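Chemist: Contents of final-v2.tsv (TSV, C-alpha atoms):
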```tsv
chain	number	residue	atom	x	y	z
A	1	MET	CA	85.03	-4.54	49.70
A	2	LYS	CA	81.56	-2.97	49.54
A	3	ILE	CA	81.34	0.52	48.04
A	4	GLU	CA	78.28	2.64	48.71
A	5	PHE	CA	77.07	4.64	45.71
A	6	THR	CA	74.30	6.95	44.59
A	7	LYS	CA	73.00	7.05	41.03
A	8	MET	CA	71.97	10.60	40.02
A	9	GLN	CA	71.00	12.39	36.84
A	10	GLY	CA	70.55	15.88	35.47
A	11	CYS	CA	68.47	16.02	32.29
A	12	GLY	CA	69.32	12.35	31.74
A	13	ASN	CA	73.08	12.91	31.99
A	14	ASP	CA	73.63	10.19	34.60
A	15	TYR	CA	76.60	9.39	36.80
A	16	VAL	CA	77.52	7.12	39.66
A	17	TYR	CA	78.41	9.25	42.72
A	18	ILE	CA	80.82	8.13	45.43
A	19	ASP	CA	81.49	9.95	48.72
A	20	GLY	CA	85.28	10.13	48.53
A	21	SER	CA	85.58	11.15	52.16
A	22	THR	CA	84.30	7.77	53.36
A	23	GLN	CA	84.73	5.41	50.38
A	24	LYS	CA	88.43	4.90	49.64
A	25	ILE	CA	89.47	3.50	46.27
A	26	PRO	CA	93.20	3.62	45.37
A	27	GLN	CA	93.90	6.16	42.64
A	28	GLU	CA	95.47	3.59	40.33
A	29	GLU	CA	92.31	1.44	40.52
A	30	LYS	CA	89.88	4.22	39.66
A	31	PRO	CA	89.94	3.90	35.83
A	32	ASP	CA	89.06	0.19	36.05
A	33	PHE	CA	86.44	0.89	38.72
A	34	VAL	CA	84.88	3.60	36.54
A	35	ARG	CA	84.73	1.40	33.44
A	36	LYS	CA	83.07	-1.42	35.39
A	37	MET	CA	80.57	0.79	37.24
A	38	SER	CA	79.63	2.74	34.09
A	39	ASP	CA	78.80	-0.37	32.09
A	40	ARG	CA	75.03	-0.45	31.58
A	41	HIS	CA	74.92	-4.24	31.24
A	42	PHE	CA	77.45	-5.50	33.78
A	43	GLY	CA	77.73	-2.53	36.16
A	44	ILE	CA	75.53	0.15	37.67
A	45	GLY	CA	75.34	2.06	34.41
A	46	GLY	CA	76.09	5.71	33.71
A	47	ASP	CA	77.96	8.28	31.65
A	48	GLY	CA	80.81	8.03	34.15
A	49	VAL	CA	81.67	8.20	37.84
A	50	ILE	CA	82.05	11.26	40.07
A	51	PHE	CA	83.88	11.17	43.39
A	52	ILE	CA	82.88	13.90	45.87
A	53	ASN	CA	85.93	14.72	47.96
A	54	PRO	CA	86.96	17.16	50.69
A	55	SER	CA	88.78	20.24	49.39
A	56	GLN	CA	91.00	23.03	50.67
A	57	GLU	CA	90.23	25.20	47.63
A	58	ALA	CA	86.43	25.03	47.85
A	59	ASP	CA	83.64	23.53	49.91
A	60	PHE	CA	83.91	20.27	47.96
A	61	GLU	CA	85.87	18.70	45.12
A	62	MET	CA	84.30	16.98	42.09
A	63	GLU	CA	86.68	14.30	40.76
A	64	MET	CA	85.08	13.29	37.49
A	65	TYR	CA	85.69	10.38	35.11
A	66	ASN	CA	84.18	9.55	31.74
A	67	ALA	CA	82.69	6.11	31.14
A	68	ASP	CA	85.90	4.93	29.46
A	69	GLY	CA	87.91	5.66	32.61
A	70	SER	CA	89.52	8.86	31.36
A	71	ARG	CA	89.56	11.97	33.56
A	72	ALA	CA	87.30	14.86	32.63
A	73	GLN	CA	87.60	18.48	33.70
A	74	MET	CA	84.01	19.60	34.08
A	75	CYS	CA	80.39	18.49	33.76
A	76	GLY	CA	77.58	20.99	34.18
A	77	ASN	CA	74.91	18.37	34.84
A	78	GLY	CA	77.25	16.45	37.11
A	79	ILE	CA	78.16	19.44	39.27
A	80	ARG	CA	74.47	20.21	39.91
A	81	CYS	CA	74.04	16.67	41.22
A	82	VAL	CA	77.09	17.15	43.45
A	83	ALA	CA	75.25	20.09	45.02
A	84	LYS	CA	72.16	17.97	45.62
A	85	PHE	CA	74.25	15.13	47.03
A	86	VAL	CA	76.03	17.24	49.65
A	87	TYR	CA	72.91	19.17	50.72
A	88	ASP	CA	70.48	16.28	50.84
A	89	ARG	CA	72.97	14.24	52.89
A	90	HIS	CA	73.53	17.12	55.30
A	91	LEU	CA	77.19	17.52	54.37
A	92	THR	CA	76.34	21.22	54.18
A	93	ASP	CA	73.41	23.38	55.23
A	94	GLN	CA	74.36	26.22	52.88
A	95	THR	CA	72.34	27.05	49.75
A	96	GLU	CA	75.32	28.75	48.11
A	97	ILE	CA	78.45	26.60	47.85
A	98	THR	CA	81.68	26.27	45.87
A	99	VAL	CA	82.89	23.14	44.09
A	100	VAL	CA	86.32	22.69	42.51
A	101	SER	CA	86.94	20.38	39.56
A	102	ALA	CA	90.34	20.03	37.86
A	103	GLY	CA	91.50	23.23	39.55
A	104	SER	CA	88.52	25.36	38.49
A	105	VAL	CA	86.20	26.60	41.25
A	106	LYS	CA	82.49	27.04	40.44
A	107	ARG	CA	79.88	28.85	42.51
A	108	LEU	CA	76.47	27.19	42.85
A	109	LYS	CA	73.09	28.38	44.10
A	110	LEU	CA	70.77	25.65	45.38
A	111	TYR	CA	66.98	25.85	45.09
A	112	VAL	CA	65.48	23.78	47.91
A	113	ALA	CA	61.94	22.46	48.43
A	114	ASP	CA	60.85	20.31	51.40
A	115	GLY	CA	64.46	19.94	52.53
A	116	HIS	CA	65.77	18.64	49.21
A	117	VAL	CA	67.53	20.32	46.30
A	118	GLU	CA	65.42	20.39	43.12
A	119	ARG	CA	67.30	22.81	40.88
A	120	VAL	CA	70.76	24.37	40.84
A	121	ARG	CA	72.17	27.49	39.21
A	122	VAL	CA	75.87	27.30	38.41
A	123	ASN	CA	78.25	30.10	37.51
A	124	MET	CA	80.15	28.25	34.80
A	125	GLY	CA	82.67	31.05	34.30
A	126	ARG	CA	83.80	32.73	31.11
A	127	PRO	CA	84.05	30.78	27.86
A	128	ILE	CA	87.53	30.28	26.43
A	129	LEU	CA	87.68	31.21	22.76
A	130	LYS	CA	91.40	31.22	21.92
A	131	ALA	CA	92.11	28.21	19.72
A	132	ALA	CA	95.36	27.31	21.46
A	133	GLU	CA	93.67	27.26	24.88
A	134	ILE	CA	90.64	25.13	23.89
A	135	PRO	CA	92.73	23.39	22.38
A	136	VAL	CA	92.07	23.22	18.66
A	137	LEU	CA	94.80	23.27	16.03
A	138	SER	CA	94.20	26.26	13.80
A	139	ASP	CA	96.08	29.21	12.33
A	140	GLU	CA	93.15	31.39	13.41
A	141	GLU	CA	93.08	32.91	16.90
A	142	GLN	CA	89.40	31.93	17.19
A	143	VAL	CA	87.51	29.21	15.33
A	144	LEU	CA	84.02	30.61	14.73
A	145	ASP	CA	81.67	29.51	11.94
A	146	TRP	CA	84.57	27.62	10.42
A	147	PRO	CA	84.18	25.07	7.61
A	148	VAL	CA	85.34	21.57	8.51
A	149	PHE	CA	85.11	18.38	6.45
A	150	VAL	CA	84.02	15.38	8.54
A	151	ALA	CA	82.15	12.18	7.62
A	152	ASP	CA	82.10	12.97	3.90
A	153	ARG	CA	80.50	16.38	4.21
A	154	GLN	CA	81.26	19.96	5.15
A	155	TRP	CA	80.00	21.43	8.43
A	156	ARG	CA	80.10	24.90	9.99
A	157	MET	CA	81.85	24.66	13.34
A	158	SER	CA	82.62	27.00	16.24
A	159	CYS	CA	85.02	25.95	19.01
A	160	VAL	CA	84.64	26.92	22.66
A	161	SER	CA	86.07	25.65	25.95
A	162	MET	CA	84.04	25.68	29.16
A	163	GLY	CA	86.90	24.00	31.02
A	164	ASN	CA	86.63	21.19	28.46
A	165	PRO	CA	86.78	21.45	24.65
A	166	HIS	CA	83.65	21.75	22.52
A	167	ALA	CA	82.92	21.88	18.81
A	168	VAL	CA	79.51	23.44	18.17
A	169	VAL	CA	78.15	22.36	14.79
A	170	LEU	CA	75.11	23.72	12.97
A	171	ALA	CA	72.65	21.17	11.60
A	172	GLU	CA	69.30	21.59	9.88
A	173	ASP	CA	67.85	18.44	11.45
A	174	VAL	CA	69.59	17.18	14.59
A	175	ALA	CA	66.98	14.50	15.34
A	176	SER	CA	67.90	12.33	12.34
A	177	LEU	CA	71.69	12.64	12.55
A	178	PRO	CA	73.51	9.27	12.79
A	179	LEU	CA	75.58	10.37	15.79
A	180	THR	CA	77.17	6.96	16.33
A	181	GLU	CA	78.83	7.39	12.93
A	182	ILE	CA	79.56	11.13	12.96
A	183	GLY	CA	80.36	11.68	16.64
A	184	PRO	CA	83.53	9.56	16.86
A	185	LYS	CA	84.93	11.22	13.73
A	186	PHE	CA	84.59	14.66	15.34
A	187	GLU	CA	85.83	13.40	18.71
A	188	ASN	CA	89.04	12.01	17.19
A	189	HIS	CA	89.57	14.60	14.46
A	190	PRO	CA	93.26	15.63	14.23
A	191	MET	CA	92.31	19.26	14.88
A	192	PHE	CA	91.62	18.31	18.51
A	193	PRO	CA	94.74	17.08	20.35
A	194	GLU	CA	92.73	16.29	23.51
A	195	ARG	CA	89.68	15.00	21.60
A	196	VAL	CA	86.47	17.04	21.71
A	197	ASN	CA	82.83	17.08	22.78
A	198	THR	CA	80.60	17.87	19.82
A	199	GLU	CA	77.23	19.65	20.02
A	200	PHE	CA	74.96	19.42	16.98
A	201	ILE	CA	72.48	22.29	17.21
A	202	ARG	CA	69.39	23.61	15.46
A	203	VAL	CA	68.37	27.20	16.11
A	204	ILE	CA	64.61	27.21	16.66
A	205	ASP	CA	64.41	30.94	17.36
A	206	ARG	CA	66.56	33.59	19.04
A	207	SER	CA	65.85	32.25	22.51
A	208	THR	CA	65.58	28.50	21.85
A	209	LEU	CA	67.98	25.78	20.69
A	210	GLU	CA	67.66	22.06	20.04
A	211	LEU	CA	70.85	20.10	20.80
A	212	ARG	CA	72.30	16.61	20.64
A	213	VAL	CA	75.74	15.86	21.98
A	214	TRP	CA	78.54	13.38	21.48
A	215	GLU	CA	80.84	13.44	24.53
A	216	ARG	CA	84.45	12.35	24.34
A	217	GLY	CA	84.93	9.16	26.30
A	218	SER	CA	81.19	8.55	26.79
A	219	GLY	CA	79.48	8.70	23.39
A	220	GLU	CA	76.04	10.22	22.95
A	221	THR	CA	74.52	11.40	26.21
A	222	LEU	CA	71.07	12.80	26.92
A	223	ALA	CA	72.50	16.18	27.97
A	224	CYS	CA	75.74	18.09	28.43
A	225	GLY	CA	75.73	21.18	30.63
A	226	THR	CA	79.07	22.56	29.47
A	227	GLY	CA	78.03	21.77	25.91
A	228	CYS	CA	74.84	23.80	26.26
A	229	CYS	CA	76.90	26.71	27.61
A	230	ALA	CA	79.37	26.41	24.72
A	231	ALA	CA	76.52	26.24	22.22
A	232	VAL	CA	74.92	29.45	23.50
A	233	ALA	CA	78.28	31.24	23.49
A	234	ALA	CA	78.87	30.15	19.89
A	235	CYS	CA	75.36	31.21	18.83
A	236	VAL	CA	75.68	34.64	20.45
A	237	LEU	CA	79.08	35.24	18.83
A	238	ASN	CA	77.68	34.21	15.44
A	239	GLY	CA	74.64	36.46	15.85
A	240	LEU	CA	72.14	33.59	15.96
A	241	THR	CA	70.54	34.03	19.41
A	242	GLU	CA	70.12	36.37	22.34
A	243	ARG	CA	72.13	35.87	25.53
A	244	SER	CA	69.36	34.09	27.46
A	245	VAL	CA	68.44	30.80	25.82
A	246	THR	CA	66.46	27.65	26.60
A	247	VAL	CA	68.34	24.62	25.30
A	248	HIS	CA	66.29	21.50	24.59
A	249	VAL	CA	68.29	18.28	24.95
A	250	LEU	CA	67.14	14.67	24.77
A	251	GLY	CA	66.81	14.52	28.57
A	252	GLY	CA	65.00	17.80	29.19
A	253	GLU	CA	65.97	21.45	29.05
A	254	LEU	CA	68.51	23.83	30.55
A	255	GLN	CA	68.38	27.59	30.97
A	256	ILE	CA	71.60	29.29	29.85
A	257	GLU	CA	72.41	32.98	30.38
A	258	TRP	CA	75.56	34.74	29.19
A	259	ASP	CA	76.00	37.89	31.27
A	260	GLU	CA	77.08	40.75	29.01
A	261	ASN	CA	78.71	42.70	31.84
A	262	THR	CA	80.77	40.02	33.57
A	263	GLY	CA	81.21	37.66	30.62
A	264	GLU	CA	80.19	34.74	32.84
A	265	ILE	CA	77.77	32.02	31.74
A	266	PHE	CA	75.10	30.77	34.15
A	267	MET	CA	73.39	27.40	33.80
A	268	THR	CA	70.20	26.42	35.63
A	269	GLY	CA	68.67	22.97	35.63
A	270	PRO	CA	67.37	20.01	37.63
A	271	ALA	CA	69.22	17.45	39.73
A	272	GLU	CA	67.65	14.14	40.75
A	273	THR	CA	68.57	11.07	42.77
A	274	VAL	CA	67.69	7.82	40.97
A	275	PHE	CA	68.68	5.13	43.47
A	276	GLU	CA	71.29	4.15	46.05
A	277	GLY	CA	73.05	0.90	46.83
A	278	GLN	CA	76.24	-1.03	47.46
A	279	VAL	CA	78.54	-2.70	44.99
A	280	GLU	CA	81.39	-5.16	45.45
A	281	TRP	CA	84.83	-3.99	44.40
A	282	LEU	CA	87.79	-6.36	44.56
```
In structure tokens, write the structure found in this file.
Modeler:
Amino acid sequence: MKIEFTKMQGCGNDYVYIDGSTQKIPQEEKPDFVRKMSDRHFGIGGDGVIFINPSQEADFEMEMYNADGSRAQMCGNGIRCVAKFVYDRHLTDQTEITVVSAGSVKRLKLYVADGHVERVRVNMGRPILKAAEIPVLSDEEQVLDWPVFVADRQWRMSCVSMGNPHAVVLAEDVASLPLTEIGPKFENHPMFPERVNTEFIRVIDRSTLELRVWERGSGETLACGTGCCAAVAACVLNGLTERSVTVHVLGGELQIEWDENTGEIFMTGPAETVFEGQVEWL
């Protein structure tokens, strides 16, 4: 069976996109399909696979999987590419759409040039700060600027959920961190019953951050939209930055704004198509 796919990326956070309305893969086969397609040597290569499906709750559904075949709740870079996919392929002619992922509906504004989406602004909703809802195991109601011992040293960590769990960790020099050693130890730390995405951040000034990320189920990626949102929320709550911040990631930069009145976080960034093709599956 031939499956048509589109490879897309947002700030280097790359996924394989499948139109779920026309390309039917049995649900029980999807984890294996995702692992094969995500493999950068034997498959298409990517941080995971996203199926774009019809929805009764929103204009479209984003069914997202990490590279290891596990389901994920949300991806900020991925959802921007969903917007580009549906507009550029004339599945919608609207420049404001809704997309649901794991039961959470997001509102997106599309910035179009010459008939194609170039950038997308996403209302990512309000950050979740209660430890039990993130989830993180702690006697504290919120885990902010909390000491944690990982990889033979103590770190300062703040925990936030943007629909998926994040540990935001301060670092003096993020560029030289051995993430392949440290990242898995955070991801699988017993404090996190559902594992965790970890953002290692350096505050450049009150409106600029540098960030590297280790994503559960995918490893280090070039960007993480929800992680950038979580990082800004953590920095604001710890008095480190203003509410409007440019976050520099390995794959580019994202603009993050935390609205003081509504409590909602907005993320703006690029979405690009890399290539299209067909792949054999079973």
Chemist: Please, what is the axis-aligned box for every listed atom of range 43-51 of chain A with 3 Å on each side, as centre and edge lengths in Å to one decimal, as JSON?
Modeler:
```
{"center_x": 79.6, "center_y": 4.4, "center_z": 37.5, "size_x": 14.5, "size_y": 19.8, "size_z": 17.7}
```
Chemist: I need the residue nearest Tyr15 in chain A from this list: A:Glu280, A:Asp93, A:Asp145, A:Asp39. Use all atoms listed in the file for the distance.
Modeler: A:Asp39
Chemist: Please list as a ChimeraX atom specification every residue within 12 Å of Asn164 in chain A, counting all atoms listed in the file and excluding residues in the same chain fewer than 3 positions away.
Modeler: /A:71-76,101-102,104,124,127-129,133-136,159-161,167,192,194-198,215-216,224-227,229-230
Chemist: Rounded to one decimal place, report the CA of Lys109 in chain A-CA of Trp258 in chain A distance in Å.
Modeler: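 Spanning CA of Lys109 in chain A to CA of Trp258 in chain A is a straight-line distance of 16.4 Å.
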Chemist: Using only C-alpha atoms, which protein or nucleic acid residues come within 7 Å of Lys7 in chain A? Drop anything in the same chain fewer than 5 positions from it, and give the result as a count of residues only.
Modeler: 7
Chemist: What's the separation between CA of Glu181 in chain A and CA of Val143 in chain A, in Å to one decimal place?
Modeler: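 Taking CA of Glu181 in chain A as the start and CA of Val143 in chain A as the end point, the length is 23.6 Å.
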Chemist: Which residues of range 30-68 of chain A sit at most 12 Å from range 10-13 of chain A, using all atoms listed in the file? Give each one's shortest atom pair and distance in Å (one decimal place), in chain and ascending residue order, as a Markdown table.
Modeler:
```
| residue | atom | partner | partner_atom | distance |
| --- | --- | --- | --- | --- |
| A:Gly45 | CA | A:Asn13 | CA | 11.3 |
| A:Gly46 | CA | A:Asn13 | CA | 8.0 |
| A:Asp47 | CA | A:Asn13 | CA | 6.7 |
| A:Gly48 | CA | A:Asn13 | CA | 9.4 |
| A:Val49 | CA | A:Asn13 | CA | 11.4 |
| A:Asn66 | CA | A:Asn13 | CA | 11.6 |
| A:Ala67 | CA | A:Asn13 | CA | 11.8 |
```
Chemist: CA of Arg119 in chain A and CA of Phe85 in chain A are how many Å apart?
Modeler: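 Straight-line distance from CA of Arg119 in chain A to CA of Phe85 in chain A works out to 12.0 Å.
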Chemist: Smallest atom-to-atom distance to Gly103 in chain A: which of A:Gly163, A:Pro270, A:Pro54, A:Pro26, using all atoms listed in the file?
Modeler: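 Residue with the minimum atom-to-atom distance to Gly103 in chain A: A:Gly163.
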Chemist: With all atoms listed in the file as the atoms that count, which of A:Val86, A:Met37, A:Val174, A:Val150 lies nearest to Glu187 in chain A?
Modeler: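 Using all atoms listed in the file, the shortest distance to Glu187 in chain A belongs to A:Val150.
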Chemist: Nearest to Ser207 in chain A: which of A:Ile18, A:Cys81, A:Val236, A:Val122 is it, counting all atoms listed in the file?
Modeler: A:Val236
Chemist: Which is closest to Gly269 in chain A among A:Ile52, A:Ile201, A:Val169, A:Cys228, if we use only C-alpha atoms?
Modeler: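 Between A:Ile52, A:Ile201, A:Val169, A:Cys228, the residue approaching Gly269 in chain A most closely is A:Cys228.
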Chemist: Which one is closest to Thr241 in chain A: A:Ile204, A:Val120, A:Leu254, A:Ala223? Count all atoms listed in the file.
Modeler: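 Nearest candidate to Thr241 in chain A out of A:Ile204, A:Val120, A:Leu254, A:Ala223: A:Ile204.
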Chemist: Quick one: everything within 7 Å of Ser21 in chain A, counting only C-alpha atoms, minus sequence neighbours fewer than 2 positions away in the same chain. Send it as a PyMOL selection string.
Modeler: chain A and resi 19+23+53-54
Chemist: Show which residues sit within 12 Å of Leu144 in chain A, as a count of residues only. Count only C-alpha atoms, and ignore same-chain residues fewer than 2 positions away.
Modeler: 31
Chemist: Write out as number ranges by chain each polymer residue whose atoms come within 6 Å of Leu108 in chain A, counting all atoms listed in the file; drop sequence neighbours fewer than 3 positions from it.
Modeler: A: 96-97, 121-122
Chemist: Counting only C-alpha atoms, note down every residue that has an atom within 10 Å of the point (77.3, 0.4, 48.8) (file coordinates), as a VMD selection string.
Modeler: chain A and resid 1 to 6 18 23 276 to 281
Chemist: Could you please take those selected residues and save C-alpha atoms as a CSV table (one decimal), in the coordinates of the input?
Modeler:
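So out_29.csv came out as:
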```csv
chain,number,residue,atom,x,y,z
A,1,MET,CA,85.0,-4.5,49.7
A,2,LYS,CA,81.6,-3.0,49.5
A,3,ILE,CA,81.3,0.5,48.0
A,4,GLU,CA,78.3,2.6,48.7
A,5,PHE,CA,77.1,4.6,45.7
A,6,THR,CA,74.3,7.0,44.6
A,18,ILE,CA,80.8,8.1,45.4
A,23,GLN,CA,84.7,5.4,50.4
A,276,GLU,CA,71.3,4.2,46.0
A,277,GLY,CA,73.0,0.9,46.8
A,278,GLN,CA,76.2,-1.0,47.5
A,279,VAL,CA,78.5,-2.7,45.0
A,280,GLU,CA,81.4,-5.2,45.4
A,281,TRP,CA,84.8,-4.0,44.4
```
Chemist: Please tell me which residues are no farther than 8 Å from (66.5, 19.0, 43.8) in the file, counting all atoms listed in the file, and write them as a list in words.
Modeler: Lys84, Tyr111, Val112, Ala113, His116, Val117, Glu118, Arg119, Val120, Pro270, Ala271 and Glu272 of chain A
Chemist: If I only have part of range 12-31 of chain A, can you fill in N, CA, C and O atoms and write it as a PDB file, in the frame of the given file?
Modeler:
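As written to disk, selection_23.pdb reads:
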```
ATOM      1  N   GLY A  12      68.971  13.633  32.336  1.00  0.00           N
ATOM      2  CA  GLY A  12      69.320  12.350  31.740  1.00  0.00           C
ATOM      3  C   GLY A  12      70.807  12.099  31.624  1.00  0.00           C
ATOM      4  O   GLY A  12      71.226  11.007  31.224  1.00  0.00           O
ATOM      5  N   ASN A  13      71.629  13.086  31.949  1.00  0.00           N
ATOM      6  CA  ASN A  13      73.080  12.910  31.990  1.00  0.00           C
ATOM      7  C   ASN A  13      73.393  12.260  33.335  1.00  0.00           C
ATOM      8  O   ASN A  13      73.409  12.930  34.367  1.00  0.00           O
ATOM      9  N   ASP A  14      73.603  10.943  33.348  1.00  0.00           N
ATOM     10  CA  ASP A  14      73.630  10.190  34.600  1.00  0.00           C
ATOM     11  C   ASP A  14      75.028   9.735  34.973  1.00  0.00           C
ATOM     12  O   ASP A  14      75.813   9.313  34.121  1.00  0.00           O
ATOM     13  N   TYR A  15      75.306   9.804  36.268  1.00  0.00           N
ATOM     14  CA  TYR A  15      76.600   9.390  36.800  1.00  0.00           C
ATOM     15  C   TYR A  15      76.413   8.587  38.076  1.00  0.00           C
ATOM     16  O   TYR A  15      75.394   8.703  38.756  1.00  0.00           O
ATOM     17  N   VAL A  16      77.436   7.808  38.390  1.00  0.00           N
ATOM     18  CA  VAL A  16      77.520   7.120  39.660  1.00  0.00           C
ATOM     19  C   VAL A  16      78.332   8.017  40.602  1.00  0.00           C
ATOM     20  O   VAL A  16      79.446   8.419  40.266  1.00  0.00           O
ATOM     21  N   TYR A  17      77.767   8.331  41.779  1.00  0.00           N
ATOM     22  CA  TYR A  17      78.410   9.250  42.720  1.00  0.00           C
ATOM     23  C   TYR A  17      78.920   8.485  43.933  1.00  0.00           C
ATOM     24  O   TYR A  17      78.201   7.664  44.508  1.00  0.00           O
ATOM     25  N   ILE A  18      80.162   8.776  44.299  1.00  0.00           N
ATOM     26  CA  ILE A  18      80.820   8.130  45.430  1.00  0.00           C
ATOM     27  C   ILE A  18      81.289   9.210  46.405  1.00  0.00           C
ATOM     28  O   ILE A  18      81.921  10.194  45.988  1.00  0.00           O
ATOM     29  N   ASP A  19      80.989   9.032  47.690  1.00  0.00           N
ATOM     30  CA  ASP A  19      81.490   9.950  48.720  1.00  0.00           C
ATOM     31  C   ASP A  19      82.949   9.600  48.977  1.00  0.00           C
ATOM     32  O   ASP A  19      83.266   8.635  49.663  1.00  0.00           O
ATOM     33  N   GLY A  20      83.854  10.404  48.421  1.00  0.00           N
ATOM     34  CA  GLY A  20      85.280  10.130  48.530  1.00  0.00           C
ATOM     35  C   GLY A  20      85.854  10.333  49.906  1.00  0.00           C
ATOM     36  O   GLY A  20      86.985   9.926  50.173  1.00  0.00           O
ATOM     37  N   SER A  21      85.083  10.952  50.796  1.00  0.00           N
ATOM     38  CA  SER A  21      85.580  11.150  52.160  1.00  0.00           C
ATOM     39  C   SER A  21      85.430   9.881  52.997  1.00  0.00           C
ATOM     40  O   SER A  21      86.117   9.715  54.006  1.00  0.00           O
ATOM     41  N   THR A  22      84.539   8.991  52.586  1.00  0.00           N
ATOM     42  CA  THR A  22      84.300   7.770  53.360  1.00  0.00           C
ATOM     43  C   THR A  22      84.567   6.495  52.564  1.00  0.00           C
ATOM     44  O   THR A  22      84.797   5.436  53.153  1.00  0.00           O
ATOM     45  N   GLN A  23      84.525   6.578  51.226  1.00  0.00           N
ATOM     46  CA  GLN A  23      84.730   5.410  50.380  1.00  0.00           C
ATOM     47  C   GLN A  23      86.097   5.553  49.698  1.00  0.00           C
ATOM     48  O   GLN A  23      86.268   6.401  48.818  1.00  0.00           O
ATOM     49  N   LYS A  24      87.059   4.754  50.106  1.00  0.00           N
ATOM     50  CA  LYS A  24      88.430   4.900  49.640  1.00  0.00           C
ATOM     51  C   LYS A  24      88.763   3.865  48.562  1.00  0.00           C
ATOM     52  O   LYS A  24      88.777   2.666  48.830  1.00  0.00           O
ATOM     53  N   ILE A  25      89.018   4.358  47.359  1.00  0.00           N
ATOM     54  CA  ILE A  25      89.470   3.500  46.270  1.00  0.00           C
ATOM     55  C   ILE A  25      90.838   4.014  45.829  1.00  0.00           C
ATOM     56  O   ILE A  25      90.982   5.204  45.539  1.00  0.00           O
ATOM     57  N   PRO A  26      91.868   3.168  45.795  1.00  0.00           N
ATOM     58  CA  PRO A  26      93.200   3.620  45.370  1.00  0.00           C
ATOM     59  C   PRO A  26      93.151   4.303  44.004  1.00  0.00           C
ATOM     60  O   PRO A  26      92.414   3.858  43.112  1.00  0.00           O
ATOM     61  N   GLN A  27      93.935   5.358  43.865  1.00  0.00           N
ATOM     62  CA  GLN A  27      93.900   6.160  42.640  1.00  0.00           C
ATOM     63  C   GLN A  27      94.164   5.324  41.405  1.00  0.00           C
ATOM     64  O   GLN A  27      93.509   5.505  40.370  1.00  0.00           O
ATOM     65  N   GLU A  28      95.108   4.377  41.508  1.00  0.00           N
ATOM     66  CA  GLU A  28      95.470   3.590  40.330  1.00  0.00           C
ATOM     67  C   GLU A  28      94.358   2.617  39.927  1.00  0.00           C
ATOM     68  O   GLU A  28      94.336   2.127  38.797  1.00  0.00           O
ATOM     69  N   GLU A  29      93.407   2.347  40.836  1.00  0.00           N
ATOM     70  CA  GLU A  29      92.310   1.440  40.520  1.00  0.00           C
ATOM     71  C   GLU A  29      91.091   2.155  39.937  1.00  0.00           C
ATOM     72  O   GLU A  29      90.168   1.510  39.432  1.00  0.00           O
ATOM     73  N   LYS A  30      91.085   3.481  40.036  1.00  0.00           N
ATOM     74  CA  LYS A  30      89.880   4.220  39.660  1.00  0.00           C
ATOM     75  C   LYS A  30      89.467   4.058  38.200  1.00  0.00           C
ATOM     76  O   LYS A  30      88.272   3.887  37.912  1.00  0.00           O
ATOM     77  N   PRO A  31      90.388   4.095  37.221  1.00  0.00           N
ATOM     78  CA  PRO A  31      89.940   3.900  35.830  1.00  0.00           C
ATOM     79  C   PRO A  31      89.207   2.575  35.616  1.00  0.00           C
ATOM     80  O   PRO A  31      88.166   2.540  34.951  1.00  0.00           O
TER      81      PRO A  31
END
```
